[in-house]
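**Student:** Have a look at this one.
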Amino acid sequence: MPAADEPQPVLALSGARATLGSRPVLRGIDLAVARGEVVALLGANGSGKSTAVRAAVGQVPLTDGSVELFGTPLRRYRDWARVGYVPQRTTAASGVPATVREVVSAGRLSRTRLRLPGKADRRAVDRALELVGMADRAGDSVNALSGGQHQRVLIARALAGEPELLIMDEPMAGVDLASQEVLAGTLREQVAAGTSVLLVLHELGPLEPLIDRAVVLRDGCVTHDGPPPEAVGQHALPGHDHVHPHAPEGAEPIRTGLLT
Ligand SMILES: Nc1ncnc2c1ncn2[C@@H]1O[C@H](COP(=O)(O)OP(=O)(O)OP(=O)(O)O)[C@@H](O)[C@H]1O
């Protein structure tokens, strides 16, 4: 439990259980993000990472346990403008030839509600486009973008709402190296501005320096919650189990599930 003087987490899943089809996918997980913290959710394919973040934003119902956003139980939570969510790689393109600016502006609607967009809204959209390095493509159709550029646009759409909590599901998946670096820079700026972040990642990669804490899932359970496992870079050999340098002698290796 946090100390009484600690501000409440911006996101807290407690004892969360969820079943998809007949399969128990989350089997009682605790996952919290403190204000200003960057938490990576790691684990092998199928360990339940996406389901956990989808449960956090109310897209997957829990069979037991709870979710709180900014201290409010999910069922009573309404202030969605404070939350930016980038789902697992989808495409912003459709049959409708929307421009990059239109897609990003859609992310601002949670702030504008029923009024017409004003100067501040346009500025937020411009800033989001600049942050992801797409300002010069604002008028282009999203159908003309590469996969990495699409992902940048989807992230800009989440940033346009100026969220206090940003939840991203594998933002680097299928993204070219140049876009990965742009996205890492974008995230660094957001974090410097105080945004709290929950990231589903397959590997830490270029985001590693930003990550305060890692939560590792395996078969729907949390197997590690603490310092990020050391890079999967040079230790990235199959079967490598990392022992954190601060772990007490004889400690069990942290099975990250990143390599399995
Ligand atoms: N709609 C569904 N119905 C039944 N089972 C599902 C459904 N969606 C996901 N699952 C199963 O739930 C498990 C967890 O899926 P989830 O997408 O949360 O894992 P993940 O850790 O995000 O994996 P990945 O890294 O591949 O995205 C998987 O075994 C998956 O096959």
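Just so we're on the same page: first chain in the structure tokens is A, next is B, and so on; residues restart at 1 for each chain, and ligands are numbered from 1 in the order they show up.
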Taking the DSSP assignment computed from this structure's backbone, write out as JSON, numbers by chain all residues of region 16-257 of chain A that belong to alpha helix (DSSP H).

**Tutor:** {"A": [49, 50, 51, 52, 53, 54, 55, 56, 100, 101, 102, 103, 104, 105, 106, 109, 110, 111, 112, 119, 120, 121, 122, 123, 124, 125, 126, 127, 128, 129, 130, 131, 147, 148, 149, 150, 151, 152, 153, 154, 155, 156, 157, 158, 159, 160, 177, 178, 179, 180, 181, 182, 183, 184, 185, 186, 187, 188, 189, 190, 191, 192]}

**Student:** Need to verify the contact set: Val222 (chain A), 7 Å, only C-alpha atoms, exclusion of same-chain residues closer than 6 positions in sequence. Can you return it as a ChimeraX atom specification?

**Tutor:** /A:29,215-216

**Student:** Atoms to include: N, CA and C atoms. Write the selected residues as a PDB file, in the first residue's frame.

**Tutor:**
ATOM      1  N   ILE A  29      -3.907  -9.859 -11.567  1.00  0.00           N
ATOM      2  CA  ILE A  29      -2.707  -9.011 -11.632  1.00  0.00           C
ATOM      3  C   ILE A  29      -2.890  -7.677 -10.913  1.00  0.00           C
ATOM      4  N   VAL A 215       7.029  -4.208 -15.403  1.00  0.00           N
ATOM      5  CA  VAL A 215       6.164  -5.263 -14.869  1.00  0.00           C
ATOM      6  C   VAL A 215       6.161  -6.355 -15.930  1.00  0.00           C
ATOM      7  N   VAL A 216       6.511  -7.563 -15.515  1.00  0.00           N
ATOM      8  CA  VAL A 216       6.597  -8.666 -16.472  1.00  0.00           C
ATOM      9  C   VAL A 216       5.447  -9.637 -16.220  1.00  0.00           C
TER      10      VAL A 216
END

**Student:** Would you kindly return, as an MDAnalysis selection string, each protein, DNA or RNA residue with an atom no farther than 8 Å from any atom of Asp30 (chain A), considering only C-alpha atoms and excluding same-chain residues fewer than 3 positions away?

**Tutor:** chainID A and resid 12:16 222

**Student:** Could you make a table, as CSV, of the residues of chain A that have an atom within 7 Å of an atom of ligand 1, each with its nearest atom pair and distance in Å to one decimal, counting only C-alpha atoms and all ligand atoms, in chain and number order?

**Tutor:**
residue,atom,partner,partner_atom_place_in_ligand_line,distance
A:Leu20,CA,ligand 1,4 (C),4.3
A:Gly21,CA,ligand 1,4 (C),4.4
A:Arg23,CA,ligand 1,5 (N),6.2
A:Val25,CA,ligand 1,12 (O),5.2
A:Gly43,CA,ligand 1,21 (O),6.1
A:Ala44,CA,ligand 1,25 (O),5.9
A:Asn45,CA,ligand 1,25 (O),3.6
A:Gly46,CA,ligand 1,19 (O),3.4
A:Ser47,CA,ligand 1,21 (O),3.8
A:Gly48,CA,ligand 1,18 (O),3.2
A:Lys49,CA,ligand 1,21 (O),3.8
A:Ser50,CA,ligand 1,22 (O),3.6
A:Thr51,CA,ligand 1,18 (O),3.7
A:Ala52,CA,ligand 1,18 (O),6.4
A:His202,CA,ligand 1,25 (O),6.6

**Student:** May I have the selected residues written with N, CA and C atoms, as a compact mmCIF listing (two decimals), in the first residue's frame?

**Tutor:**
# COMPACT_ATOMS: atom_id res chain seq x y z
N LEU A 20 -11.15 -14.51 -21.69
CA LEU A 20 -11.54 -14.27 -23.08
C LEU A 20 -11.93 -15.61 -23.67
N GLY A 21 -13.12 -15.69 -24.22
CA GLY A 21 -13.64 -17.00 -24.61
C GLY A 21 -13.78 -17.77 -23.31
N ARG A 23 -10.97 -18.83 -21.83
CA ARG A 23 -9.58 -18.87 -21.37
C ARG A 23 -9.30 -17.78 -20.33
N VAL A 25 -7.24 -15.17 -19.00
CA VAL A 25 -6.10 -14.48 -19.61
C VAL A 25 -5.38 -13.59 -18.60
N GLY A 43 6.58 -9.14 -21.48
CA GLY A 43 6.19 -10.55 -21.38
C GLY A 43 6.10 -11.18 -22.76
N ALA A 44 6.09 -12.50 -22.77
CA ALA A 44 6.06 -13.23 -24.04
C ALA A 44 4.72 -13.02 -24.76
N ASN A 45 4.65 -13.42 -26.00
CA ASN A 45 3.39 -13.38 -26.76
C ASN A 45 2.33 -14.15 -25.99
N GLY A 46 1.16 -13.55 -25.91
CA GLY A 46 0.04 -14.26 -25.28
C GLY A 46 0.05 -14.24 -23.76
N SER A 47 0.97 -13.49 -23.15
CA SER A 47 1.05 -13.49 -21.68
C SER A 47 -0.05 -12.63 -21.05
N GLY A 48 -0.72 -11.79 -21.87
CA GLY A 48 -1.85 -11.02 -21.35
C GLY A 48 -1.62 -9.52 -21.32
N LYS A 49 -0.55 -9.05 -21.96
CA LYS A 49 -0.20 -7.62 -21.88
C LYS A 49 -1.30 -6.74 -22.49
N SER A 50 -1.69 -7.08 -23.72
CA SER A 50 -2.72 -6.25 -24.37
C SER A 50 -4.03 -6.31 -23.60
N THR A 51 -4.34 -7.49 -23.10
CA THR A 51 -5.60 -7.63 -22.35
C THR A 51 -5.55 -6.75 -21.10
N ALA A 52 -4.38 -6.67 -20.47
CA ALA A 52 -4.26 -5.84 -19.26
C ALA A 52 -4.51 -4.36 -19.58
N HIS A 202 7.67 -5.26 -26.40
CA HIS A 202 8.21 -6.60 -26.61
C HIS A 202 9.64 -6.64 -26.14

**Student:** Skipping near chain neighbours, those fewer than 6 positions away, what residues fall within 10 Å of Leu187 (chain A) using only C-alpha atoms, listed as a list in words?

**Tutor:**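 Residues near the query, excluding close chain neighbours: Val38, Leu131, Val132, Ile155, Leu159, Leu166, Glu181, Ala193, Thr195, Val197, Leu207 and Leu210 of chain A.
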
**Student:** I need the residues of region 115-239 of chain A that end up classed as strand (DSSP E) by DSSP on the backbone, written out as a PyMOL selection string.

**Tutor:** chain A and resi 165-169+196-200+213-218+221-226

**Student:** Generate the output file for the selected residues, C-alpha atoms, as a CSV table (one decimal), in the first residue's frame.

**Tutor:**
chain,number,residue,atom,x,y,z
A,165,LEU,CA,-1.8,9.4,-18.7
A,166,LEU,CA,-0.6,7.9,-22.0
A,167,ILE,CA,-1.2,4.1,-22.6
A,168,MET,CA,0.5,2.6,-25.6
A,169,ASP,CA,0.4,-1.0,-26.8
A,196,SER,CA,2.6,9.3,-16.9
A,197,VAL,CA,3.1,6.5,-19.3
A,198,LEU,CA,2.2,2.8,-19.5
A,199,LEU,CA,3.9,1.0,-22.4
A,200,VAL,CA,3.4,-2.5,-23.6
A,213,ARG,CA,9.9,0.3,-13.7
A,214,ALA,CA,9.0,-2.9,-15.5
A,215,VAL,CA,6.2,-5.3,-14.9
A,216,VAL,CA,6.6,-8.7,-16.5
A,217,LEU,CA,3.6,-10.9,-17.2
A,218,ARG,CA,3.7,-14.6,-17.7
A,221,CYS,CA,0.4,-13.4,-13.7
A,222,VAL,CA,2.9,-10.8,-12.7
A,223,THR,CA,6.3,-12.5,-12.4
A,224,HIS,CA,8.4,-9.3,-11.8
A,225,ASP,CA,7.6,-5.7,-10.8
A,226,GLY,CA,10.7,-3.6,-10.3

**Student:** Considering only C-alpha atoms, return as a list in words whatever protein or nucleic-acid residues lie within 10 Å of Trp80 (chain A), sequence-local ones (same chain, fewer than 3 positions apart) excluded.

**Tutor:**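 My list of contacting residues is Val57, Leu69, Tyr77, Val83, Gly84, Tyr85, Ser110, Arg111, Gly161, Pro163 and Leu165 of chain A.
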
**Student:** Any idea what's packed within 9 Å of Arg137 (chain A), counting only C-alpha atoms, ignoring anything in its chain fewer than 5 positions away? Could you give it as a PyMOL selection string?

**Tutor:** chain A and resi 99-101+129

**Student:** With N, CA and C atoms retained, write the just-selected residues as a tab-separated table (two decimals), in the first residue's frame.

**Tutor:**
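Output file again-v4.tsv follows:
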chain	number	residue	atom	x	y	z
A	99	THR	N	-7.05	13.26	-44.07
A	99	THR	CA	-5.68	13.77	-44.04
A	99	THR	C	-5.07	13.48	-42.66
A	100	VAL	N	-3.75	13.61	-42.63
A	100	VAL	CA	-3.03	13.42	-41.37
A	100	VAL	C	-3.59	14.36	-40.31
A	101	ARG	N	-3.82	15.62	-40.69
A	101	ARG	CA	-4.34	16.59	-39.71
A	101	ARG	C	-5.72	16.20	-39.19
A	129	LEU	N	1.59	17.18	-34.07
A	129	LEU	CA	2.16	16.87	-35.39
A	129	LEU	C	3.66	17.13	-35.40

**Student:** Give me the residues within 8 Å of Arg108 (chain A) as an MDAnalysis selection string, counting only C-alpha atoms and dropping any in the same chain fewer than 3 places off.

**Tutor:** chainID A and resid 104:105 111:112 121 124:125 157 160:161
